[in-house]
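Engineer: Handing over protein.tsv, TSV, C-alpha atoms.
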```
chain	number	residue	atom	x	y	z
A	1	MET	CA	10.22	-29.01	30.62
A	2	ALA	CA	10.51	-27.27	27.26
A	3	GLU	CA	12.82	-24.32	26.76
A	4	ILE	CA	10.86	-21.07	26.90
A	5	SER	CA	11.06	-19.00	23.74
A	6	HIS	CA	10.91	-15.21	24.05
A	7	ARG	CA	10.09	-14.60	20.39
A	8	VAL	CA	6.73	-14.98	18.76
A	9	ASN	CA	6.88	-18.02	16.54
A	10	PRO	CA	4.99	-17.45	13.29
A	11	LEU	CA	4.04	-21.14	13.56
A	12	PHE	CA	2.25	-20.55	16.89
A	13	LEU	CA	-0.37	-23.24	16.28
A	14	ARG	CA	2.15	-26.05	16.30
A	15	ASP	CA	1.88	-28.56	19.14
A	16	GLU	CA	5.09	-27.41	20.86
A	17	GLU	CA	3.94	-23.77	20.93
A	18	LEU	CA	0.50	-24.76	22.22
A	19	ARG	CA	1.99	-26.97	24.92
A	20	GLN	CA	4.37	-24.19	25.95
A	21	GLY	CA	1.38	-21.87	26.37
A	22	MET	CA	-0.46	-24.45	28.48
A	23	GLU	CA	2.65	-25.03	30.59
A	24	LEU	CA	3.15	-21.32	31.17
A	25	MET	CA	-0.52	-20.93	32.11
A	26	LEU	CA	-0.28	-23.73	34.69
A	27	PHE	CA	2.89	-22.31	36.25
A	28	ALA	CA	1.49	-18.76	36.27
A	29	TYR	CA	-1.78	-19.92	37.84
A	30	ARG	CA	0.07	-21.77	40.59
A	31	ASP	CA	2.27	-18.76	41.34
A	32	VAL	CA	-0.57	-16.22	41.23
A	33	MET	CA	-2.66	-18.37	43.58
A	34	ALA	CA	0.12	-19.17	46.08
A	35	SER	CA	-0.42	-16.24	48.46
A	36	ALA	CA	-4.21	-16.57	48.30
A	37	ASP	CA	-3.94	-20.31	49.03
A	38	ARG	CA	-1.99	-19.55	52.22
A	39	THR	CA	-4.61	-17.03	53.36
A	40	LEU	CA	-7.47	-19.41	52.50
A	41	SER	CA	-5.79	-22.21	54.42
A	42	GLU	CA	-5.55	-20.02	57.53
A	43	HIS	CA	-9.35	-19.70	57.44
A	44	GLY	CA	-10.07	-23.32	56.49
A	45	LEU	CA	-11.33	-22.21	53.07
A	46	GLY	CA	-10.59	-23.32	49.52
A	47	ARG	CA	-10.47	-21.89	46.02
A	48	ALA	CA	-14.24	-22.13	45.53
A	49	HIS	CA	-14.61	-19.81	48.53
A	50	HIS	CA	-12.01	-17.48	47.00
A	51	ARG	CA	-13.87	-17.25	43.70
A	52	ALA	CA	-17.16	-16.57	45.50
A	53	VAL	CA	-15.61	-13.89	47.72
A	54	TYR	CA	-13.93	-12.27	44.72
A	55	PHE	CA	-17.10	-12.03	42.60
A	56	ILE	CA	-19.33	-10.97	45.51
A	57	GLY	CA	-16.81	-8.25	46.38
A	58	ARG	CA	-16.53	-7.15	42.77
A	59	HIS	CA	-20.33	-7.06	42.30
A	60	PRO	CA	-22.06	-6.21	45.62
A	61	GLY	CA	-25.72	-7.22	45.59
A	62	LEU	CA	-25.04	-10.03	43.15
A	63	GLY	CA	-27.82	-12.60	43.09
A	64	VAL	CA	-27.20	-16.23	43.95
A	65	SER	CA	-28.26	-17.33	40.45
A	66	GLU	CA	-25.84	-14.86	38.83
A	67	LEU	CA	-23.01	-16.10	41.04
A	68	LEU	CA	-23.92	-19.66	40.14
A	69	ALA	CA	-23.64	-18.80	36.43
A	70	MET	CA	-20.32	-17.02	36.93
A	71	LEU	CA	-18.74	-19.85	38.88
A	72	GLY	CA	-20.13	-22.66	36.77
A	73	ILE	CA	-20.51	-24.99	39.75
A	74	THR	CA	-23.47	-27.01	41.01
A	75	LYS	CA	-26.17	-25.48	43.22
A	76	GLN	CA	-25.17	-27.95	45.92
A	77	SER	CA	-21.52	-26.81	45.84
A	78	LEU	CA	-22.46	-23.14	45.87
A	79	SER	CA	-24.90	-23.71	48.71
A	80	ARG	CA	-22.14	-25.30	50.79
A	81	VAL	CA	-19.68	-22.49	49.97
A	82	LEU	CA	-22.18	-19.74	50.81
A	83	LYS	CA	-23.22	-21.48	54.02
A	84	GLU	CA	-19.60	-21.72	55.17
A	85	LEU	CA	-18.83	-18.11	54.19
A	86	GLY	CA	-22.00	-16.93	55.96
A	87	GLU	CA	-21.25	-18.91	59.12
A	88	ALA	CA	-17.69	-17.52	59.16
A	89	GLY	CA	-19.11	-13.99	58.94
A	90	PHE	CA	-17.66	-13.15	55.52
A	91	VAL	CA	-20.85	-12.97	53.42
A	92	ASP	CA	-24.25	-11.46	54.10
A	93	ILE	CA	-27.23	-13.00	52.30
A	94	ARG	CA	-30.34	-10.84	52.15
A	95	GLU	CA	-33.67	-10.82	50.37
A	96	ALA	CA	-33.77	-8.43	47.41
A	97	PRO	CA	-36.03	-5.45	48.14
A	98	ALA	CA	-37.96	-5.80	44.85
A	99	ASP	CA	-38.28	-9.60	44.92
A	100	ARG	CA	-38.22	-11.40	48.25
A	101	ARG	CA	-37.55	-14.73	46.49
A	102	ARG	CA	-34.24	-13.40	45.15
A	103	ARG	CA	-31.26	-13.48	47.50
A	104	GLN	CA	-28.54	-10.83	47.19
A	105	LEU	CA	-24.98	-11.32	48.33
A	106	THR	CA	-22.61	-8.78	49.84
A	107	LEU	CA	-19.37	-9.03	51.75
A	108	SER	CA	-19.40	-8.16	55.41
A	109	GLU	CA	-16.62	-5.98	56.81
A	110	ALA	CA	-14.69	-9.18	57.62
A	111	GLY	CA	-15.37	-10.41	54.08
A	112	GLU	CA	-14.00	-7.20	52.60
A	113	THR	CA	-10.86	-7.61	54.70
A	114	LEU	CA	-10.53	-11.21	53.52
A	115	GLU	CA	-11.06	-10.19	49.88
A	116	ARG	CA	-8.28	-7.58	50.14
A	117	ALA	CA	-5.95	-10.12	51.76
A	118	LEU	CA	-6.67	-12.58	48.93
A	119	THR	CA	-6.27	-10.14	46.05
A	120	ASP	CA	-3.65	-7.57	47.08
A	121	ALA	CA	-0.66	-9.79	46.28
A	122	GLN	CA	-2.32	-10.90	43.04
A	123	ARG	CA	-3.03	-7.29	42.06
A	124	ARG	CA	0.62	-6.36	42.66
A	125	ARG	CA	1.80	-9.36	40.63
A	126	PHE	CA	-0.50	-8.42	37.73
A	127	ALA	CA	0.57	-4.76	37.89
A	128	ARG	CA	4.25	-5.73	37.72
A	129	ALA	CA	3.66	-8.15	34.86
A	130	TYR	CA	1.55	-5.62	32.94
A	131	ARG	CA	4.23	-2.92	33.37
A	132	GLU	CA	6.94	-5.30	32.15
A	133	ALA	CA	4.90	-6.55	29.18
A	134	GLY	CA	3.49	-3.23	27.96
A	135	ALA	CA	0.07	-2.15	26.75
A	136	GLN	CA	0.08	-4.08	23.48
A	137	ALA	CA	0.98	-7.36	25.21
A	138	VAL	CA	-1.64	-6.75	27.91
A	139	GLU	CA	-4.34	-6.30	25.26
A	140	GLY	CA	-3.17	-9.46	23.49
A	141	PHE	CA	-3.21	-11.36	26.81
A	142	ARG	CA	-6.74	-10.10	27.48
A	143	GLN	CA	-7.88	-11.27	24.06
A	144	VAL	CA	-6.35	-14.72	24.60
A	145	LEU	CA	-7.98	-15.05	28.03
A	146	LEU	CA	-11.36	-14.05	26.60
A	147	ALA	CA	-10.97	-16.62	23.84
A	148	LEU	CA	-10.12	-19.30	26.45
A	149	THR	CA	-13.19	-18.39	28.51
A	150	ALA	CA	-16.36	-20.42	27.94
A	151	GLU	CA	-18.92	-18.65	25.77
A	152	GLU	CA	-21.55	-18.43	28.54
A	153	ARG	CA	-19.12	-16.64	30.87
A	154	ARG	CA	-17.97	-14.31	28.09
A	155	LYS	CA	-21.63	-13.46	27.59
A	156	LEU	CA	-21.98	-12.67	31.32
A	157	LEU	CA	-18.99	-10.34	31.13
A	158	SER	CA	-20.32	-8.63	28.03
A	159	GLU	CA	-23.87	-8.21	29.42
A	160	ALA	CA	-22.54	-6.59	32.57
A	161	GLY	CA	-20.41	-4.18	30.52
A	162	ARG	CA	-17.22	-5.46	32.11
A	163	SER	CA	-15.58	-6.52	28.89
A	164	ALA	CA	-15.54	-5.39	25.33
A	165	PRO	CA	-14.59	-8.29	23.07
```
So that I can check it, write out the structure of this file as structure tokens.
Structural biologist:
Amino acid sequence: MAEISHRVNPLFLRDEELRQGMELMLFAYRDVMASADRTLSEHGLGRAHHRAVYFIGRHPGLGVSELLAMLGITKQSLSRVLKELGEAGFVDIREAPADRRRRQLTLSEAGETLERALTDAQRRRFARAYREAGAQAVEGFRQVLLALTAEERRKLLSEAGRSAP
């Protein structure tokens, strides 16, 4: 493993700097997901379920097609995930009042409890990291994450007013 530099290298596009960023991202992702993985495992669920629960909780009434676009998975995979979450009592799937062909997703009370269990430790970890890094670093981190995000998902964020590039 490469030694971690704490200074910004003006040659940040060199291979070693890029690889260090990728390595840090992989370690951070593993550590951020660790507590959620334990909770998911207790319920026989996986990370696809976590992502679905997160976005449904964040956007109650979200349509199945919108969730499909956000997750970037196949219809078959999403169908399986939603079926399992519905059968477990975590997600309610209802017809939209204005268009009966459209299905809207919300978390049940049990789903809201699961979503809090999955995200509370992550929220605390992010809050600590943001406090330690400071506002300027947080904004830089946000910009890097947006740039790493696929264009179609950035567009979804922008259209919903959840992100200002």
Engineer: Hey, could you make a per-residue contact list for region 99-122 of chain A against region 73-89 of chain A with 10 Å as the cut-off, showing the nearest pair of atoms and its distance in Å to one decimal, counting only C-alpha atoms, sorted by chain and number, as CSV?
Structural biologist:
```
residue,atom,partner,partner_atom,distance
A:Leu105,CA,A:Leu82,CA,9.2
A:Leu107,CA,A:Gly89,CA,8.7
A:Ser108,CA,A:Gly89,CA,6.8
A:Glu109,CA,A:Gly89,CA,8.7
A:Ala110,CA,A:Gly89,CA,6.7
A:Gly111,CA,A:Gly89,CA,7.1
```
Engineer: Between A:Glu112, A:Thr119, A:Glu132, A:Ala150, which one has atoms that come closest to Pro60 (chain A), using only C-alpha atoms?
Structural biologist: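 For Pro60 (chain A), the nearest of the given residues is A:Glu112.
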Engineer: Quick one: residues within 12 Å of (-17.5, -7.6, 41.7) (file frame), counting only C-alpha atoms, please, as a list of chain:residue names.
Structural biologist: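 Protein, DNA and RNA residues close to (-17.5, -7.6, 41.7): A:Arg51, A:Ala52, A:Val53, A:Tyr54, A:Phe55, A:Ile56, A:Gly57, A:Arg58, A:His59, A:Pro60, A:Gly61, A:Leu62, A:Gly63, A:Glu66, A:Leu67, A:Met70, A:Leu105, A:Thr106, A:Leu107, A:Glu112, A:Glu115, A:Leu157, A:Ala160, A:Arg162.
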Engineer: For the selection you just gave me, I'd like the residues written to a file as a PDB file, in the coordinates of the input, keeping C-alpha atoms.
Structural biologist:
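Dumped everything to again.pdb:
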```pdb
ATOM      1  CA  ARG A  51     -13.870 -17.250  43.700  1.00  0.00           C
ATOM      2  CA  ALA A  52     -17.160 -16.570  45.500  1.00  0.00           C
ATOM      3  CA  VAL A  53     -15.610 -13.890  47.720  1.00  0.00           C
ATOM      4  CA  TYR A  54     -13.930 -12.270  44.720  1.00  0.00           C
ATOM      5  CA  PHE A  55     -17.100 -12.030  42.600  1.00  0.00           C
ATOM      6  CA  ILE A  56     -19.330 -10.970  45.510  1.00  0.00           C
ATOM      7  CA  GLY A  57     -16.810  -8.250  46.380  1.00  0.00           C
ATOM      8  CA  ARG A  58     -16.530  -7.150  42.770  1.00  0.00           C
ATOM      9  CA  HIS A  59     -20.330  -7.060  42.300  1.00  0.00           C
ATOM     10  CA  PRO A  60     -22.060  -6.210  45.620  1.00  0.00           C
ATOM     11  CA  GLY A  61     -25.720  -7.220  45.590  1.00  0.00           C
ATOM     12  CA  LEU A  62     -25.040 -10.030  43.150  1.00  0.00           C
ATOM     13  CA  GLY A  63     -27.820 -12.600  43.090  1.00  0.00           C
ATOM     14  CA  GLU A  66     -25.840 -14.860  38.830  1.00  0.00           C
ATOM     15  CA  LEU A  67     -23.010 -16.100  41.040  1.00  0.00           C
ATOM     16  CA  MET A  70     -20.320 -17.020  36.930  1.00  0.00           C
ATOM     17  CA  LEU A 105     -24.980 -11.320  48.330  1.00  0.00           C
ATOM     18  CA  THR A 106     -22.610  -8.780  49.840  1.00  0.00           C
ATOM     19  CA  LEU A 107     -19.370  -9.030  51.750  1.00  0.00           C
ATOM     20  CA  GLU A 112     -14.000  -7.200  52.600  1.00  0.00           C
ATOM     21  CA  GLU A 115     -11.060 -10.190  49.880  1.00  0.00           C
ATOM     22  CA  LEU A 157     -18.990 -10.340  31.130  1.00  0.00           C
ATOM     23  CA  ALA A 160     -22.540  -6.590  32.570  1.00  0.00           C
ATOM     24  CA  ARG A 162     -17.220  -5.460  32.110  1.00  0.00           C
TER      25      ARG A 162
END
```
Engineer: Nearest residue to Thr149 (chain A) out of A:Thr113, A:Tyr130, A:Leu71, A:Arg100, using only C-alpha atoms?
Structural biologist: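 The closest residue to Thr149 (chain A) is A:Leu71.
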Engineer: CA of Ile93 (chain A) and CA of Ser41 (chain A), how far apart in Å?
Structural biologist: 23.4 Å
Engineer: Take CA of Phe90 (chain A) and CA of Glu152 (chain A) and report the distance between them in Å, one decimal.
Structural biologist: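 CA of Phe90 (chain A) sits 27.8 Å away from CA of Glu152 (chain A).
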Engineer: Measure the distance from CA of Val32 (chain A) to CA of Glu17 (chain A) in Å and round it to one decimal.
Structural biologist: 22.1 Å
Engineer: Considering all atoms listed in the file, can you say which of A:Gly72, A:Met25, A:Met33, A:Ala137 comes closest to Asp120 (chain A)?
Structural biologist: A:Met33
Engineer: Using all atoms listed in the file, which of A:Val144, A:Leu114, A:Ala127, A:Ala133 sits nearest Leu45 (chain A)?
Structural biologist: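 Distance minimum relative to Leu45 (chain A) lands on A:Leu114.
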Engineer: Any chance you could build region 93-115 of chain A out to N, CA and C atoms and write it as a PDB file, keeping the file's coordinate frame?
Structural biologist:
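So the final result, stored in out.pdb, reads:
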```pdb
ATOM      1  N   ILE A  93     -26.233 -12.578  53.291  1.00  0.00           N
ATOM      2  CA  ILE A  93     -27.230 -13.000  52.300  1.00  0.00           C
ATOM      3  C   ILE A  93     -28.553 -12.383  52.716  1.00  0.00           C
ATOM      4  N   ARG A  94     -29.101 -11.546  51.830  1.00  0.00           N
ATOM      5  CA  ARG A  94     -30.340 -10.840  52.150  1.00  0.00           C
ATOM      6  C   ARG A  94     -31.364 -11.013  51.035  1.00  0.00           C
ATOM      7  N   GLU A  95     -32.623 -10.829  51.388  1.00  0.00           N
ATOM      8  CA  GLU A  95     -33.670 -10.820  50.370  1.00  0.00           C
ATOM      9  C   GLU A  95     -33.549  -9.537  49.565  1.00  0.00           C
ATOM     10  N   ALA A  96     -33.776  -9.627  48.266  1.00  0.00           N
ATOM     11  CA  ALA A  96     -33.770  -8.430  47.410  1.00  0.00           C
ATOM     12  C   ALA A  96     -35.019  -7.608  47.735  1.00  0.00           C
ATOM     13  N   PRO A  97     -34.878  -6.296  47.802  1.00  0.00           N
ATOM     14  CA  PRO A  97     -36.030  -5.450  48.140  1.00  0.00           C
ATOM     15  C   PRO A  97     -37.198  -5.601  47.156  1.00  0.00           C
ATOM     16  N   ALA A  98     -36.904  -5.729  45.867  1.00  0.00           N
ATOM     17  CA  ALA A  98     -37.960  -5.800  44.850  1.00  0.00           C
ATOM     18  C   ALA A  98     -38.564  -7.190  44.708  1.00  0.00           C
ATOM     19  N   ASP A  99     -37.819  -8.213  45.096  1.00  0.00           N
ATOM     20  CA  ASP A  99     -38.280  -9.600  44.920  1.00  0.00           C
ATOM     21  C   ASP A  99     -37.762 -10.422  46.090  1.00  0.00           C
ATOM     22  N   ARG A 100     -38.631 -10.715  47.028  1.00  0.00           N
ATOM     23  CA  ARG A 100     -38.220 -11.400  48.250  1.00  0.00           C
ATOM     24  C   ARG A 100     -37.725 -12.816  48.006  1.00  0.00           C
ATOM     25  N   ARG A 101     -38.037 -13.386  46.819  1.00  0.00           N
ATOM     26  CA  ARG A 101     -37.550 -14.730  46.490  1.00  0.00           C
ATOM     27  C   ARG A 101     -36.070 -14.695  46.079  1.00  0.00           C
ATOM     28  N   ARG A 102     -35.612 -13.555  45.627  1.00  0.00           N
ATOM     29  CA  ARG A 102     -34.240 -13.400  45.150  1.00  0.00           C
ATOM     30  C   ARG A 102     -33.336 -13.059  46.337  1.00  0.00           C
ATOM     31  N   ARG A 103     -32.207 -13.765  46.426  1.00  0.00           N
ATOM     32  CA  ARG A 103     -31.260 -13.480  47.500  1.00  0.00           C
ATOM     33  C   ARG A 103     -30.060 -12.733  46.941  1.00  0.00           C
ATOM     34  N   GLN A 104     -29.677 -11.642  47.600  1.00  0.00           N
ATOM     35  CA  GLN A 104     -28.540 -10.830  47.190  1.00  0.00           C
ATOM     36  C   GLN A 104     -27.376 -11.066  48.139  1.00  0.00           C
ATOM     37  N   LEU A 105     -26.188 -11.028  47.571  1.00  0.00           N
ATOM     38  CA  LEU A 105     -24.980 -11.320  48.330  1.00  0.00           C
ATOM     39  C   LEU A 105     -24.100 -10.076  48.435  1.00  0.00           C
ATOM     40  N   THR A 106     -23.592  -9.833  49.620  1.00  0.00           N
ATOM     41  CA  THR A 106     -22.610  -8.780  49.840  1.00  0.00           C
ATOM     42  C   THR A 106     -21.563  -9.303  50.823  1.00  0.00           C
ATOM     43  N   LEU A 107     -20.405  -8.687  50.782  1.00  0.00           N
ATOM     44  CA  LEU A 107     -19.370  -9.030  51.750  1.00  0.00           C
ATOM     45  C   LEU A 107     -19.595  -8.230  53.021  1.00  0.00           C
ATOM     46  N   SER A 108     -19.383  -8.867  54.133  1.00  0.00           N
ATOM     47  CA  SER A 108     -19.400  -8.160  55.410  1.00  0.00           C
ATOM     48  C   SER A 108     -18.075  -7.397  55.524  1.00  0.00           C
ATOM     49  N   GLU A 109     -17.899  -6.671  56.597  1.00  0.00           N
ATOM     50  CA  GLU A 109     -16.620  -5.980  56.810  1.00  0.00           C
ATOM     51  C   GLU A 109     -15.477  -6.996  56.870  1.00  0.00           C
ATOM     52  N   ALA A 110     -15.699  -8.113  57.546  1.00  0.00           N
ATOM     53  CA  ALA A 110     -14.690  -9.180  57.620  1.00  0.00           C
ATOM     54  C   ALA A 110     -14.440  -9.777  56.231  1.00  0.00           C
ATOM     55  N   GLY A 111     -15.505  -9.892  55.440  1.00  0.00           N
ATOM     56  CA  GLY A 111     -15.370 -10.410  54.080  1.00  0.00           C
ATOM     57  C   GLY A 111     -14.574  -9.477  53.199  1.00  0.00           C
ATOM     58  N   GLU A 112     -14.783  -8.180  53.359  1.00  0.00           N
ATOM     59  CA  GLU A 112     -14.000  -7.200  52.600  1.00  0.00           C
ATOM     60  C   GLU A 112     -12.526  -7.277  52.973  1.00  0.00           C
ATOM     61  N   THR A 113     -12.248  -7.460  54.248  1.00  0.00           N
ATOM     62  CA  THR A 113     -10.860  -7.610  54.700  1.00  0.00           C
ATOM     63  C   THR A 113     -10.252  -8.875  54.113  1.00  0.00           C
ATOM     64  N   LEU A 114     -11.007  -9.965  54.112  1.00  0.00           N
ATOM     65  CA  LEU A 114     -10.530 -11.210  53.520  1.00  0.00           C
ATOM     66  C   LEU A 114     -10.281 -11.033  52.026  1.00  0.00           C
ATOM     67  N   GLU A 115     -11.203 -10.392  51.328  1.00  0.00           N
ATOM     68  CA  GLU A 115     -11.060 -10.190  49.880  1.00  0.00           C
ATOM     69  C   GLU A 115      -9.787  -9.394  49.578  1.00  0.00           C
TER      70      GLU A 115
END
```
